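Since the structure comes first, as structure tokens, the remarks are kept for the end.
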Amino acid sequence: MKINKVYAVYFSATDTTKRTAEYIAENISKKLNIDLGIVNFTPKEKRKEIIDFKNDELVIFATPVYAGRVPNVLLPFLTNNISGDNALCVPVVLFGNRNYDDALIELRNILEKNNFHSIAAGAFVGEHSFSNILAKNRPDNEDFKIMDKMLDLIIKRISSLDTYSEKPIQVNGEDPIRPYYTPRDRNGNKIDIRKVLPKVNHRCNDCKLCAEVCPMGSIDKVDIRKYNGICIKCGACIKKCPMNARYYDDEGYLYHKRELEEMYVRRAEDEIF
């Protein structure tokens with residue numbers, strides 16, 4: 001079959017998912033000599049749009065993994081604002097060295113219900129949003145080599161697809177989807193960090209970048225110490241602050257971060273399907 005355009009479509013607060021989705025889509029564009037489109041639905045306003053794809057397009061659709069699932073704040077947009085018209089898709093998730101649990105199968109199911117046809121899929125490791133240590137600087141060269149293998153797989157499958165009658169790509173995960181992963185201490189007690197908010201220290205020069213990059217639009221643009229909405233712990237305001245002025249001091253959050261860094265020091269591996 002003939003594909004006339006490839007898209008990188010993603011939510012990426014700290015640019016890790018962006019790097020992955022764009023790398024895959026850009027290289028497919030070059031190999032097939034077709035146009036490339038970018039849809040970054042990280043900004044809050046972008047998630048109000050209706051986005052339709054055509055049946056001669058390929059969509060590399062990527063999200064981060066939050067608590068083993070597709071971030072719940074994205075579900076209204078993903079389920080109501082995206083349609084495929086039998087476009088081919090490749091669901092991709094980025095996880096922070098722990099596990100992607102049911103995120104990939106959940107994203108695949110959402111896209112299939114929205115009239116996309118999945119022909120490949122991938123779960124890749126990216127630096128954890130909570131940490132500068134956990135999966136530091138990933139995806140790295142070894143991860144990009146795995147992405148290259150998936151590129152070849154995608155192109156091979158496109159060339160052999162004559163109809164849309166094939167079943168969805170088989171991926172790891174449970175269906176029905178399990179509940180979101182709950183942080184716990186080593187005694188099994190739950191740690192609730194949902195309402196924890198970053199604070200601002202004396203290094204802040206009021207550049208407003210944190211308010212600009214917050215994907216929920218929750219940081220007040222006049223008083224950046226004020227929140228007008230929820231914090232999803234995406235790490236954008238902390239990792240992108242040029243003054244290192246934003247931080248967490250909540251005991252439960254810091255404990256959970258330290259546990260992740262101590263328990264998941266091994267190099268988690270990417271998986272492609």
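For the structure tokens, the naming scheme is as follows: chains receive sequential letters (A, B, ...) according to their order of presentation, residues are indexed from 1 within each chain, and ligands are indexed from 1 in presentation order.
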Give me, as CSV, each residue of range 138-177 of chain A that comes within 6 Å of range 104-128 of chain A, together with its shortest interatomic pair and the distance in Å at one decimal, counting only C-alpha atoms, with rows ordered by chain and rising residue number.
```
residue,atom,partner,partner_atom,distance
A:Arg138,CA,A:Gly126,CA,4.6
A:Pro139,CA,A:Gly126,CA,5.2
A:Pro168,CA,A:Ser118,CA,5.4
A:Ile169,CA,A:Ile119,CA,5.6
A:Gly173,CA,A:Ile105,CA,5.7
```
Per-residue nearest contacts range 134-230 of chain A to range 39-61 of chain A, cut-off 9 Å, using only C-alpha atoms, as a tab-separated table:
```
residue	atom	partner	partner_atom	distance
A:Glu212	CA	A:Pro43	CA	8.9
A:Val213	CA	A:Pro43	CA	7.7
A:Cys214	CA	A:Pro43	CA	7.7
A:Pro215	CA	A:Pro43	CA	5.0
A:Met216	CA	A:Lys44	CA	5.5
A:Gly217	CA	A:Lys44	CA	6.3
```
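Around Leu254 in chain A, within 10 Å and counting only C-alpha atoms, the residues found are Phe130, Ile193, Tyr248, Asp249, Glu259 and Leu260 of chain A, once anything fewer than 5 positions away on its own chain is removed.
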(Q) Just the number, please: distance in Å from CA of Ala13 in chain A to CA of Val265 in chain A, one decimal. (A) 23.2 Å
Q. What residues in range 38-217 of chain A get the DSSP label strand (DSSP E)? Please answer as a PyMOL selection string.
A. chain A and resi 38-40+51-52+57-64+82-83+87-95+116-118+122-125+199-200
Q: With a distance cut-off of 9 Å and only C-alpha atoms, select the neighbouring residues of Ile146 in chain A, excluding the residue or stretch itself and same-chain residues fewer than 5 positions from it, and output the selection as a ChimeraX atom specification.
A: /A:124,141,151,270-272
Residues from last step as file, N, CA, C and O atoms, as a tab-separated table (two decimals), in the first residue's frame:
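Final output, saved to result-v5.tsv:
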```tsv
chain	number	residue	atom	x	y	z
A	124	PHE	N	9.85	2.30	25.06
A	124	PHE	CA	11.24	2.74	25.17
A	124	PHE	C	11.49	3.41	26.52
A	124	PHE	O	10.58	3.96	27.13
A	141	ASN	N	22.27	6.10	22.66
A	141	ASN	CA	22.62	5.48	21.38
A	141	ASN	C	22.10	4.06	21.25
A	141	ASN	O	21.66	3.64	20.17
A	151	LEU	N	12.10	0.79	12.91
A	151	LEU	CA	11.90	1.47	11.62
A	151	LEU	C	11.85	0.46	10.48
A	151	LEU	O	10.96	0.50	9.62
A	270	ASP	N	14.37	-1.70	26.13
A	270	ASP	CA	13.27	-1.36	25.24
A	270	ASP	C	12.61	-2.65	24.72
A	270	ASP	O	13.24	-3.70	24.67
A	271	GLU	N	11.36	-2.52	24.31
A	271	GLU	CA	10.67	-3.65	23.68
A	271	GLU	C	9.95	-3.16	22.44
A	271	GLU	O	9.28	-2.12	22.47
A	272	ILE	N	10.08	-3.90	21.36
A	272	ILE	CA	9.36	-3.56	20.13
A	272	ILE	C	8.53	-4.76	19.69
A	272	ILE	O	8.84	-5.91	19.99
```
With the cut-off set at 10 Å and counting only C-alpha atoms, tabulate each residue of range 66-119 of chain A with an atom at most that distance from an atom of range 227-246 of chain A, showing the nearest atom pair and its distance in Å to one decimal, ordered by chain and increasing number, as a tab-separated table.
```
residue	atom	partner	partner_atom	distance
A:Tyr66	CA	A:Cys234	CA	8.7
A:Pro71	CA	A:Ile232	CA	8.7
A:Asn72	CA	A:Ile232	CA	9.5
A:Val73	CA	A:Ile232	CA	8.2
```
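Nearest to Asn201 in chain A of all the residues A:Asn137, A:Ile82, A:Ile224, A:Arg258 is A:Ile224, counting only C-alpha atoms.
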